[in-house]
>>> print(open('data08.cif').read())   # mmCIF, C-alpha atoms
data_entry
#
loop_
_atom_site.label_atom_id
_atom_site.label_comp_id
_atom_site.auth_asym_id
_atom_site.auth_seq_id
_atom_site.Cartn_x
_atom_site.Cartn_y
_atom_site.Cartn_z
CA MET A 1 0.00 0.00 0.00
CA ASN A 2 1.19 3.44 -0.76
CA ALA A 3 0.23 7.09 -0.77
CA HIS A 4 1.78 9.85 -2.85
CA ALA A 5 1.19 13.62 -2.74
CA ALA A 6 2.17 16.28 -5.26
CA THR A 7 1.23 19.87 -6.06
CA LEU A 8 0.46 21.51 -9.39
CA THR A 9 0.54 25.22 -10.06
CA VAL A 10 -1.92 26.30 -12.74
CA GLN A 11 -1.79 29.72 -14.35
CA THR A 12 -5.25 30.86 -15.43
CA ARG A 13 -6.00 33.73 -17.80
CA GLY A 14 -9.10 35.02 -16.05
CA LYS A 15 -12.56 33.51 -16.49
CA GLY A 16 -12.58 30.18 -18.30
CA THR A 17 -11.28 26.63 -18.15
CA THR A 18 -7.71 25.30 -18.23
CA GLU A 19 -7.17 21.57 -18.76
CA ILE A 20 -4.88 19.72 -16.35
CA THR A 21 -5.63 16.10 -17.30
CA ASP A 22 -2.11 15.35 -18.56
CA GLU A 23 -0.43 16.82 -15.50
CA VAL A 24 -2.62 14.76 -13.17
CA GLY A 25 -1.96 11.64 -15.24
CA ARG A 26 1.77 12.18 -14.92
CA ILE A 27 1.52 12.35 -11.11
CA VAL A 28 -0.43 9.08 -11.12
CA ARG A 29 2.27 7.38 -13.19
CA GLU A 30 5.02 8.76 -10.94
CA SER A 31 3.23 7.36 -7.88
CA GLY A 32 3.72 3.80 -9.11
CA ILE A 33 0.27 2.94 -7.76
CA ALA A 34 -1.66 0.43 -9.88
CA THR A 35 -5.09 0.30 -8.20
CA GLY A 36 -6.67 2.96 -6.04
CA THR A 37 -7.76 6.59 -6.29
CA ALA A 38 -6.35 9.95 -7.36
CA THR A 39 -7.84 12.89 -5.48
CA VAL A 40 -7.47 16.20 -7.29
CA PHE A 41 -8.20 19.15 -5.01
CA LEU A 42 -8.19 22.87 -5.76
CA GLN A 43 -7.15 25.01 -2.78
CA HIS A 44 -9.35 28.00 -3.68
CA THR A 45 -12.89 29.29 -3.19
CA SER A 46 -13.15 31.51 -6.29
CA ALA A 47 -12.30 28.82 -8.85
CA SER A 48 -13.58 25.27 -9.38
CA LEU A 49 -12.36 21.89 -10.46
CA VAL A 50 -14.65 20.32 -13.05
CA ILE A 51 -14.68 17.30 -15.30
CA TYR A 52 -15.99 18.31 -18.71
CA GLU A 53 -16.21 17.25 -22.35
CA ASN A 54 -12.72 17.70 -23.81
CA ALA A 55 -13.30 17.04 -27.51
CA ASP A 56 -15.00 20.20 -28.79
CA PRO A 57 -13.98 23.59 -27.33
CA SER A 58 -17.46 24.99 -28.09
CA ALA A 59 -18.79 22.78 -25.29
CA ARG A 60 -16.78 24.81 -22.82
CA ALA A 61 -17.90 28.09 -24.39
CA ASP A 62 -21.45 27.09 -23.45
CA LEU A 63 -20.27 26.25 -19.92
CA HIS A 64 -18.72 29.68 -19.46
CA ALA A 65 -21.76 31.50 -20.89
CA PHE A 66 -24.22 29.46 -18.85
CA PHE A 67 -22.61 30.40 -15.54
CA GLU A 68 -22.58 34.09 -16.50
CA ARG A 69 -26.37 33.84 -16.85
CA LEU A 70 -27.06 31.54 -13.88
CA VAL A 71 -24.94 33.58 -11.44
CA PRO A 72 -24.88 37.07 -12.98
CA GLU A 73 -22.49 39.71 -11.73
CA ASP A 74 -25.17 42.39 -12.01
CA GLY A 75 -28.49 42.45 -10.22
CA GLY A 76 -27.81 39.72 -7.70
CA GLY A 77 -28.16 41.98 -4.68
CA TYR A 78 -25.00 40.50 -3.20
CA VAL A 79 -23.59 41.84 0.07
CA HIS A 80 -20.10 40.27 -0.12
CA THR A 81 -18.49 42.52 -2.73
CA ALA A 82 -15.32 43.68 -0.99
CA GLU A 83 -13.17 42.36 -3.83
CA GLY A 84 -15.46 43.50 -6.65
CA GLY A 85 -18.45 42.34 -8.65
CA ASP A 86 -16.83 38.98 -9.38
CA ASP A 87 -16.19 38.20 -5.71
CA THR A 88 -19.31 36.50 -4.37
CA THR A 89 -20.26 35.25 -7.85
CA SER A 90 -16.98 33.32 -7.91
CA HIS A 91 -17.80 31.59 -4.65
CA LEU A 92 -21.34 30.75 -5.80
CA ARG A 93 -20.14 29.30 -9.11
CA MET A 94 -17.60 27.25 -7.17
CA ALA A 95 -20.30 25.90 -4.81
CA LEU A 96 -22.47 24.93 -7.80
CA THR A 97 -19.63 23.00 -9.43
CA ARG A 98 -16.83 21.22 -7.55
CA THR A 99 -13.66 21.76 -5.56
CA GLY A 100 -12.25 18.24 -5.83
CA GLU A 101 -12.68 15.11 -7.87
CA THR A 102 -11.62 11.61 -6.87
CA VAL A 103 -10.86 9.56 -9.97
CA PRO A 104 -10.27 5.80 -9.84
CA VAL A 105 -6.79 4.56 -10.72
CA VAL A 106 -6.89 1.27 -12.65
CA ARG A 107 -3.85 -0.45 -14.16
CA GLY A 108 -1.66 2.50 -13.16
CA ALA A 109 -3.66 5.18 -14.97
CA LEU A 110 -6.60 7.53 -14.41
CA ALA A 111 -9.80 5.65 -15.30
CA LEU A 112 -11.35 8.56 -17.19
CA GLY A 113 -13.90 8.08 -19.96
CA THR A 114 -13.04 8.87 -23.56
CA TRP A 115 -14.35 12.45 -23.47
CA GLN A 116 -13.57 13.40 -19.89
CA GLY A 117 -11.01 16.10 -19.19
CA ILE A 118 -10.13 17.60 -15.80
CA TYR A 119 -10.25 21.42 -15.77
CA VAL A 120 -9.58 24.32 -13.46
CA PHE A 121 -12.55 26.66 -13.93
CA GLU A 122 -11.45 30.21 -13.10
CA HIS A 123 -14.27 32.47 -11.92
CA ARG A 124 -12.33 35.72 -11.37
CA ARG A 125 -11.87 38.23 -14.20
CA ALA A 126 -8.15 38.51 -13.54
CA ALA A 127 -5.53 35.86 -14.21
CA HIS A 128 -4.52 33.87 -11.12
CA ARG A 129 -1.99 31.27 -10.10
CA ARG A 130 -3.98 28.37 -8.66
CA THR A 131 -2.71 25.47 -6.57
CA VAL A 132 -3.99 21.93 -7.07
CA VAL A 133 -3.02 19.17 -4.61
CA VAL A 134 -3.10 15.58 -5.90
CA THR A 135 -2.93 12.55 -3.65
CA VAL A 136 -2.78 9.02 -5.02
CA VAL A 137 -3.66 6.21 -2.62
CA GLY A 138 -3.69 2.47 -3.35
CA VAL A 139 -1.55 -0.56 -4.01
CA MET B 1 -4.17 -2.53 3.19
CA ASN B 2 -5.94 -3.29 0.02
CA ALA B 3 -7.45 -1.80 -3.10
CA HIS B 4 -10.11 -3.31 -5.32
CA ALA B 5 -11.50 -2.12 -8.67
CA ALA B 6 -14.62 -3.22 -10.51
CA THR B 7 -16.81 -1.94 -13.31
CA LEU B 8 -20.60 -1.70 -13.55
CA THR B 9 -22.56 -1.33 -16.76
CA VAL B 10 -25.81 0.57 -16.32
CA GLN B 11 -28.53 0.62 -18.95
CA THR B 12 -30.47 3.89 -18.84
CA ARG B 13 -33.83 4.52 -20.51
CA GLY B 14 -33.20 8.12 -21.53
CA LYS B 15 -33.59 11.07 -19.20
CA GLY B 16 -34.04 10.12 -15.56
CA THR B 17 -32.39 8.34 -12.66
CA THR B 18 -31.41 4.68 -12.25
CA GLU B 19 -30.45 3.42 -8.80
CA ILE B 20 -27.19 1.50 -8.41
CA THR B 21 -26.85 1.41 -4.61
CA ASP B 22 -27.16 -2.38 -4.34
CA GLU B 23 -24.63 -3.02 -7.09
CA VAL B 24 -22.08 -0.72 -5.44
CA GLY B 25 -22.73 -2.34 -2.06
CA ARG B 26 -22.04 -5.75 -3.54
CA ILE B 27 -18.64 -4.59 -4.87
CA VAL B 28 -17.77 -3.25 -1.41
CA ARG B 29 -18.60 -6.61 0.17
CA GLU B 30 -16.62 -8.48 -2.46
CA SER B 31 -13.57 -6.30 -1.75
CA GLY B 32 -13.32 -7.64 1.80
CA ILE B 33 -12.33 -4.13 2.96
CA ALA B 34 -13.68 -3.21 6.41
CA THR B 35 -12.65 0.45 6.79
CA GLY B 36 -11.89 2.92 4.02
CA THR B 37 -13.63 4.48 1.03
CA ALA B 38 -15.61 3.43 -2.02
CA THR B 39 -15.20 5.78 -4.98
CA VAL B 40 -18.02 5.53 -7.52
CA PHE B 41 -17.13 7.26 -10.79
CA LEU B 42 -19.16 7.68 -13.96
CA GLN B 43 -17.05 7.72 -17.13
CA HIS B 44 -19.33 10.09 -19.07
CA THR B 45 -19.94 13.81 -19.58
CA SER B 46 -23.62 13.70 -20.53
CA ALA B 47 -24.84 11.86 -17.44
CA SER B 48 -24.23 12.38 -13.73
CA LEU B 49 -23.79 10.41 -10.58
CA VAL B 50 -25.96 11.72 -7.75
CA ILE B 51 -26.92 10.74 -4.25
CA TYR B 52 -30.64 11.36 -3.75
CA GLU B 53 -33.62 10.57 -1.55
CA ASN B 54 -34.56 6.95 -2.29
CA ALA B 55 -37.80 6.51 -0.37
CA ASP B 56 -40.40 8.37 -2.45
CA PRO B 57 -40.13 8.28 -6.27
CA SER B 58 -41.89 11.67 -6.49
CA ALA B 59 -38.74 13.25 -5.06
CA ARG B 60 -36.89 12.22 -8.21
CA ALA B 61 -39.72 13.45 -10.43
CA ASP B 62 -39.07 16.91 -8.99
CA LEU B 63 -35.33 16.49 -9.63
CA HIS B 64 -35.92 15.66 -13.29
CA ALA B 65 -38.39 18.53 -13.78
CA PHE B 66 -36.16 21.04 -11.99
CA PHE B 67 -33.22 20.42 -14.32
CA GLU B 68 -35.47 20.77 -17.38
CA ARG B 69 -36.28 24.28 -16.16
CA LEU B 70 -32.84 25.26 -14.85
CA VAL B 71 -31.02 24.13 -18.00
CA PRO B 72 -33.69 24.28 -20.71
CA GLU B 73 -33.13 22.70 -24.09
CA ASP B 74 -34.81 25.63 -25.84
CA GLY B 75 -33.73 29.25 -25.70
CA GLY B 76 -30.31 28.74 -24.16
CA GLY B 77 -28.42 30.17 -27.13
CA TYR B 78 -26.01 27.25 -27.01
CA VAL B 79 -23.27 26.86 -29.63
CA HIS B 80 -22.31 23.22 -28.94
CA THR B 81 -25.25 21.44 -30.54
CA ALA B 82 -23.56 18.98 -32.90
CA GLU B 83 -25.34 16.04 -31.28
CA GLY B 84 -28.72 17.75 -30.86
CA GLY B 85 -30.59 19.98 -28.46
CA ASP B 86 -29.79 17.71 -25.51
CA ASP B 87 -26.03 17.84 -26.14
CA THR B 88 -24.69 20.86 -24.28
CA THR B 89 -27.58 20.76 -21.79
CA SER B 90 -26.39 17.27 -20.77
CA HIS B 91 -22.91 18.56 -20.05
CA LEU B 92 -24.23 21.55 -18.09
CA ARG B 93 -26.53 19.38 -15.97
CA MET B 94 -23.59 17.07 -15.31
CA ALA B 95 -21.36 20.00 -14.22
CA LEU B 96 -24.11 21.21 -11.84
CA THR B 97 -24.43 17.80 -10.20
CA ARG B 98 -21.60 15.26 -9.85
CA THR B 99 -19.47 12.77 -11.72
CA GLY B 100 -18.19 10.79 -8.74
CA GLU B 101 -18.98 10.21 -5.11
CA THR B 102 -16.63 8.86 -2.47
CA VAL B 103 -18.59 7.08 0.23
CA PRO B 104 -17.00 5.93 3.50
CA VAL B 105 -16.79 2.20 4.10
CA VAL B 106 -17.38 1.30 7.75
CA ARG B 107 -17.62 -2.26 9.11
CA GLY B 108 -17.42 -3.63 5.58
CA ALA B 109 -20.40 -1.70 4.17
CA LEU B 110 -21.23 1.63 2.52
CA ALA B 111 -21.88 4.19 5.28
CA LEU B 112 -24.93 5.71 3.59
CA GLY B 113 -27.69 7.43 5.51
CA THR B 114 -31.14 5.89 5.76
CA TRP B 115 -32.59 7.74 2.77
CA GLN B 116 -29.52 7.99 0.55
CA GLY B 117 -29.45 6.13 -2.75
CA ILE B 118 -26.76 6.31 -5.44
CA TYR B 119 -28.15 7.07 -8.90
CA VAL B 120 -26.97 7.43 -12.47
CA PHE B 121 -28.74 10.56 -13.75
CA GLU B 122 -29.10 10.26 -17.53
CA HIS B 123 -29.32 13.61 -19.33
CA ARG B 124 -29.69 12.40 -22.94
CA ARG B 125 -33.11 11.72 -24.42
CA ALA B 126 -32.01 8.34 -25.78
CA ALA B 127 -31.25 5.24 -23.75
CA HIS B 128 -27.53 4.69 -23.17
CA ARG B 129 -25.22 2.08 -21.72
CA ARG B 130 -23.16 3.84 -19.05
CA THR B 131 -19.98 2.65 -17.37
CA VAL B 132 -19.34 3.18 -13.66
CA VAL B 133 -15.93 2.38 -12.15
CA VAL B 134 -15.80 1.57 -8.44
CA THR B 135 -12.60 1.43 -6.42
CA VAL B 136 -12.55 0.40 -2.78
CA VAL B 137 -9.46 1.36 -0.77
CA GLY B 138 -8.76 0.60 2.88
CA VAL B 139 -7.92 -2.09 5.39
CA MET C 1 -1.03 1.74 5.45
CA ASN C 2 -3.92 2.61 7.60
CA ALA C 3 -7.58 3.60 7.61
CA HIS C 4 -9.50 5.36 10.34
CA ALA C 5 -13.22 6.10 10.65
CA ALA C 6 -15.02 8.49 12.98
CA THR C 7 -18.43 10.14 13.24
CA LEU C 8 -19.34 13.74 14.00
CA THR C 9 -22.74 14.94 15.15
CA VAL C 10 -23.56 18.46 14.02
CA GLN C 11 -26.43 20.45 15.46
CA THR C 12 -27.83 22.88 12.89
CA ARG C 13 -30.14 25.82 13.65
CA GLY C 14 -32.29 25.55 10.53
CA LYS C 15 -31.29 26.97 7.16
CA GLY C 16 -27.70 28.08 6.96
CA THR C 17 -24.11 26.89 7.27
CA THR C 18 -22.24 25.45 10.25
CA GLU C 19 -18.45 25.14 10.06
CA ILE C 20 -16.87 21.78 10.93
CA THR C 21 -13.29 22.35 9.71
CA ASP C 22 -11.72 22.10 13.16
CA GLU C 23 -13.58 18.92 14.06
CA VAL C 24 -12.51 17.23 10.81
CA GLY C 25 -8.91 18.39 11.34
CA ARG C 26 -8.92 16.82 14.78
CA ILE C 27 -10.00 13.45 13.36
CA VAL C 28 -7.18 13.64 10.82
CA ARG C 29 -4.62 14.26 13.57
CA GLU C 30 -6.04 11.43 15.68
CA SER C 31 -5.69 9.05 12.73
CA GLY C 32 -1.91 9.42 12.74
CA ILE C 33 -1.97 9.30 8.93
CA ALA C 34 0.62 11.57 7.28
CA THR C 35 -0.19 11.25 3.56
CA GLY C 36 -3.51 10.27 2.03
CA THR C 37 -7.11 11.49 1.97
CA ALA C 38 -9.85 12.51 4.38
CA THR C 39 -13.36 11.80 3.10
CA VAL C 40 -16.04 13.86 4.80
CA PHE C 41 -19.52 12.52 4.07
CA LEU C 42 -22.91 13.81 5.19
CA GLN C 43 -25.49 11.04 5.69
CA HIS C 44 -28.51 13.16 4.67
CA THR C 45 -30.43 14.23 1.58
CA SER C 46 -31.87 17.52 2.86
CA ALA C 47 -28.55 19.11 3.83
CA SER C 48 -25.24 19.49 2.00
CA LEU C 49 -21.55 19.48 2.67
CA VAL C 50 -19.79 22.43 1.05
CA ILE C 51 -16.38 24.02 1.05
CA TYR C 52 -16.76 27.79 1.18
CA GLU C 53 -14.94 31.04 1.93
CA ASN C 54 -14.46 31.18 5.70
CA ALA C 55 -13.05 34.68 6.23
CA ASP C 56 -16.06 36.97 5.81
CA PRO C 57 -19.49 35.81 7.07
CA SER C 58 -21.21 38.01 4.45
CA ALA C 59 -19.96 35.56 1.80
CA ARG C 60 -22.18 32.90 3.32
CA ALA C 61 -25.13 35.28 3.58
CA ASP C 62 -24.96 35.55 -0.22
CA LEU C 63 -24.79 31.75 -0.48
CA HIS C 64 -27.93 31.32 1.59
CA ALA C 65 -29.84 34.04 -0.31
CA PHE C 66 -28.75 32.73 -3.71
CA PHE C 67 -30.17 29.27 -3.08
CA GLU C 68 -33.47 30.75 -1.89
CA ARG C 69 -33.77 32.39 -5.30
CA LEU C 70 -32.36 29.55 -7.43
CA VAL C 71 -34.56 26.87 -5.81
CA PRO C 72 -37.53 28.83 -4.44
CA GLU C 73 -39.97 27.24 -2.03
CA ASP C 74 -42.90 28.92 -3.76
CA GLY C 75 -43.93 28.51 -7.36
CA GLY C 76 -41.78 25.52 -8.20
CA GLY C 77 -44.69 23.23 -8.99
CA TYR C 78 -43.13 20.47 -6.91
CA VAL C 79 -44.95 17.17 -6.37
CA HIS C 80 -42.85 15.83 -3.46
CA THR C 81 -44.12 18.01 -0.63
CA ALA C 82 -45.12 15.44 2.00
CA GLU C 83 -42.84 17.05 4.57
CA GLY C 84 -43.62 20.66 3.65
CA GLY C 85 -42.53 23.38 1.26
CA ASP C 86 -38.88 22.92 2.22
CA ASP C 87 -38.90 19.19 1.44
CA THR C 88 -38.08 18.82 -2.25
CA THR C 89 -36.22 22.16 -2.29
CA SER C 90 -33.84 20.70 0.29
CA HIS C 91 -33.08 17.73 -1.92
CA LEU C 92 -32.59 19.93 -5.00
CA ARG C 93 -30.22 22.28 -3.16
CA MET C 94 -28.30 19.25 -1.93
CA ALA C 95 -27.98 17.85 -5.48
CA LEU C 96 -26.71 21.23 -6.73
CA THR C 97 -24.02 21.37 -4.06
CA ARG C 98 -22.31 18.33 -2.51
CA THR C 99 -22.76 15.43 -0.14
CA GLY C 100 -19.11 14.59 0.41
CA GLU C 101 -15.69 16.11 -0.04
CA THR C 102 -12.40 14.25 -0.21
CA VAL C 103 -9.59 16.48 1.01
CA PRO C 104 -5.92 15.54 0.63
CA VAL C 105 -3.96 14.86 3.80
CA VAL C 106 -0.38 16.14 3.58
CA ARG C 107 2.12 16.13 6.46
CA GLY C 108 -0.58 14.89 8.81
CA ALA C 109 -3.06 17.71 8.20
CA LEU C 110 -5.93 18.66 5.88
CA ALA C 111 -4.43 20.35 2.79
CA LEU C 112 -7.03 23.12 2.65
CA GLY C 113 -6.35 26.50 1.09
CA THR C 114 -6.12 29.61 3.26
CA TRP C 115 -9.77 30.61 2.87
CA GLN C 116 -11.40 27.18 2.64
CA GLY C 117 -13.73 26.05 5.39
CA ILE C 118 -15.83 22.86 5.46
CA TYR C 119 -19.50 23.49 6.22
CA VAL C 120 -22.72 21.60 6.77
CA PHE C 121 -25.33 23.49 4.73
CA GLU C 122 -28.74 22.91 6.32
CA HIS C 123 -31.66 23.23 3.87
CA ARG C 124 -34.58 22.55 6.23
CA ARG C 125 -36.24 25.39 8.14
CA ALA C 126 -36.08 23.47 11.42
CA ALA C 127 -32.94 22.71 13.43
CA HIS C 128 -31.61 19.18 12.87
CA ARG C 129 -28.95 16.87 14.25
CA ARG C 130 -26.82 15.82 11.27
CA THR C 131 -24.32 12.97 11.10
CA VAL C 132 -21.03 13.31 9.26
CA VAL C 133 -18.80 10.26 8.70
CA VAL C 134 -15.07 10.89 8.21
CA THR C 135 -12.66 8.27 6.92
CA VAL C 136 -8.92 8.90 6.68
CA VAL C 137 -6.93 6.57 4.44
CA GLY C 138 -3.20 6.63 3.78
CA VAL C 139 0.22 5.96 5.25
#
>>> encode(input="data08.cif", output="structure tokens")
Amino acid sequence: MNAHAATLTVQTRGKGTTEITDEVGRIVRESGIATGTATVFLQHTSASLVIYENADPSARADLHAFFERLVPEDGGGYVHTAEGGDDTTSHLRMALTRTGETVPVVRGALALGTWQGIYVFEHRRAAHRRTVVVTVVGV
Amino acid sequence: MNAHAATLTVQTRGKGTTEITDEVGRIVRESGIATGTATVFLQHTSASLVIYENADPSARADLHAFFERLVPEDGGGYVHTAEGGDDTTSHLRMALTRTGETVPVVRGALALGTWQGIYVFEHRRAAHRRTVVVTVVGV
Amino acid sequence: MNAHAATLTVQTRGKGTTEITDEVGRIVRESGIATGTATVFLQHTSASLVIYENADPSARADLHAFFERLVPEDGGGYVHTAEGGDDTTSHLRMALTRTGETVPVVRGALALGTWQGIYVFEHRRAAHRRTVVVTVVGV
């Protein structure tokens, strides 16, 4: 049995999604673990971790646009706006999506489906450096 | 310490929820693991994995209807529609719910609450065969 | 390798969020596990587990208000109302947020970001006693 931890730094370019599937896969291979789980965890409350369709970029354009409508920056009557109009909306979009994903590890690799990519979903307008912690546990 | 992986195939009947709690519980028992976690992971981006109230089927009728309203097929202005009007809406409904759940294993069984069932939530109109990977890790 | 399970009882005061970060951290320390994962799982379908900004309480006021608007008790046309107007809305709010979180354990502690707190998000109007199961797995 083994457990392995590593950290990724992800540079975002403001609102939108940045794929990290390959980087997570590399950490799984480095762990030497054949069967178990890889937990991918974003250490932030104004960005999300999501699994999304990774074949057609227009799919993610719809994702970005949908969250602008569902959690609009204007007209929400928010009280937590100390860091601007994209402050509380970032937290709400994060709560509606995910902070971590635990992906099975089978035969030494992430057991993702054909079209599944792992993304950091930035909710702030400005570019940010985001930290992702990955732990691989298994045998 | 041990780790165990298995795969379930779930036949959906188009939009709606299909319970898989018993099948996941059987994999946990087969693993022989007494304390740890069971990670249940759906390898698709147009269906979700959700935990939901399993006593009264009308609860799930409200779930299905709510997502039709929150992420409507008509009027969304979506650009990713190559596979039809239920294409991007399936991905959005998936992002708003979950792809995997990690459930504690205690005394050799899933530590679910009394009313918690594990469901595959199909978002496509057509029936699909869906693959769920389960890994059990612990001692 | 090791695995450790413990249970927390959380008293809520009706709708709103109750932080449990310190209690989960204590279980991680008691486990003696240095590297691995802590799975925090709420055994209920009318409350959620969420990670949220823990610095400014007004952030959570926006969270509570947002879900009142996104999943309103009135006008939803719900059919599952046996336990009142906050019955099906509680399940829907739970499905839109989370039931469990798996947080990496690094150097014997929860690898949370600076502003991340773990909360039980109560969706029923009445106060409830909620059970959270925590399993720590690793080396």
>>> residues_near_point(input="data08.cif", point="(-39.6, 11.9, -9.5)", cutoff="10 Å", atoms="only C-alpha atoms", output="PyMOL selection string")
(chain B and resi 16-17+56-65) or (chain C and resi 78-80)
>>> interface_residues(input="data08.cif", of="chain A", to="chain C", cutoff="10 Å", atoms="all atoms listed in the file", output="JSON, numbers by chain")
{"A": [1, 2, 3, 4, 5, 6, 37, 38, 39, 40, 41, 42, 43, 44, 45, 46, 70, 71, 76, 77, 78, 79, 80, 81, 82, 87, 88, 89, 91, 92, 94, 95, 96, 97, 98, 99, 100, 101, 102, 131, 132, 133, 134, 135, 136, 137, 138, 139]}
>>> atom_distance(input="data08.cif", atom1="CA of Glu23 (chain B)", atom2="CA of Ala55 (chain B)")
17.6 Å
>>> closest_residue(input="data08.cif", among="C:Arg13, C:Gly108, C:Asp74, C:Thr7", to="Ala47 (chain C)", atoms="only C-alpha atoms")
C:Arg13
>>> resolve_selection(input="data08.cif", expression="the PyMOL selection byres ((chain A and resi 127) around 10)", output="list in words")
Gln11, Thr12, Arg13, Gly14, Lys15, Gly16, Glu122, His123, Arg124, Arg125, Ala126, His128, Arg129 and Arg130 of chain A
>>> write_last_selection(input="data08.cif", atoms="C-alpha atoms", output="compact mmCIF listing (two decimals), in the coordinates of the input")
# COMPACT_ATOMS: atom_id res chain seq x y z
CA GLN A 11 -1.79 29.72 -14.35
CA THR A 12 -5.25 30.86 -15.43
CA ARG A 13 -6.00 33.73 -17.80
CA GLY A 14 -9.10 35.02 -16.05
CA LYS A 15 -12.56 33.51 -16.49
CA GLY A 16 -12.58 30.18 -18.30
CA GLU A 122 -11.45 30.21 -13.10
CA HIS A 123 -14.27 32.47 -11.92
CA ARG A 124 -12.33 35.72 -11.37
CA ARG A 125 -11.87 38.23 -14.20
CA ALA A 126 -8.15 38.51 -13.54
CA HIS A 128 -4.52 33.87 -11.12
CA ARG A 129 -1.99 31.27 -10.10
CA ARG A 130 -3.98 28.37 -8.66
>>> build_atoms(input="data08.cif", residues="region 51-65 of chain A", atoms="N, CA and C atoms", output="tab-separated table (two decimals), in the coordinates of the input")
chain	number	residue	atom	x	y	z
A	51	ILE	N	-14.90	18.24	-14.21
A	51	ILE	CA	-14.68	17.30	-15.30
A	51	ILE	C	-15.64	17.70	-16.40
A	52	TYR	N	-15.13	17.84	-17.63
A	52	TYR	CA	-15.99	18.31	-18.71
A	52	TYR	C	-15.56	17.66	-20.02
A	53	GLU	N	-16.44	17.76	-20.99
A	53	GLU	CA	-16.21	17.25	-22.35
A	53	GLU	C	-14.96	17.92	-22.91
A	54	ASN	N	-13.99	17.10	-23.37
A	54	ASN	CA	-12.72	17.70	-23.81
A	54	ASN	C	-12.48	17.58	-25.31
A	55	ALA	N	-13.51	17.22	-26.07
A	55	ALA	CA	-13.30	17.04	-27.51
A	55	ALA	C	-13.52	18.34	-28.28
A	56	ASP	N	-14.59	19.04	-28.00
A	56	ASP	CA	-15.00	20.20	-28.79
A	56	ASP	C	-14.97	21.45	-27.91
A	57	PRO	N	-14.08	22.40	-28.19
A	57	PRO	CA	-13.98	23.59	-27.33
A	57	PRO	C	-15.29	24.37	-27.21
A	58	SER	N	-16.20	24.25	-28.19
A	58	SER	CA	-17.46	24.99	-28.09
A	58	SER	C	-18.29	24.51	-26.92
A	59	ALA	N	-18.08	23.27	-26.47
A	59	ALA	CA	-18.79	22.78	-25.29
A	59	ALA	C	-18.45	23.64	-24.09
A	60	ARG	N	-17.18	23.99	-23.96
A	60	ARG	CA	-16.78	24.81	-22.82
A	60	ARG	C	-17.20	26.27	-22.98
A	61	ALA	N	-17.34	26.73	-24.20
A	61	ALA	CA	-17.90	28.09	-24.39
A	61	ALA	C	-19.31	28.16	-23.81
A	62	ASP	N	-20.10	27.12	-24.03
A	62	ASP	CA	-21.45	27.09	-23.45
A	62	ASP	C	-21.40	27.04	-21.92
A	63	LEU	N	-20.43	26.32	-21.38
A	63	LEU	CA	-20.27	26.25	-19.92
A	63	LEU	C	-20.01	27.64	-19.35
A	64	HIS	N	-19.07	28.35	-19.95
A	64	HIS	CA	-18.72	29.68	-19.46
A	64	HIS	C	-19.93	30.62	-19.54
A	65	ALA	N	-20.61	30.60	-20.69
A	65	ALA	CA	-21.76	31.50	-20.89
A	65	ALA	C	-22.90	31.16	-19.94
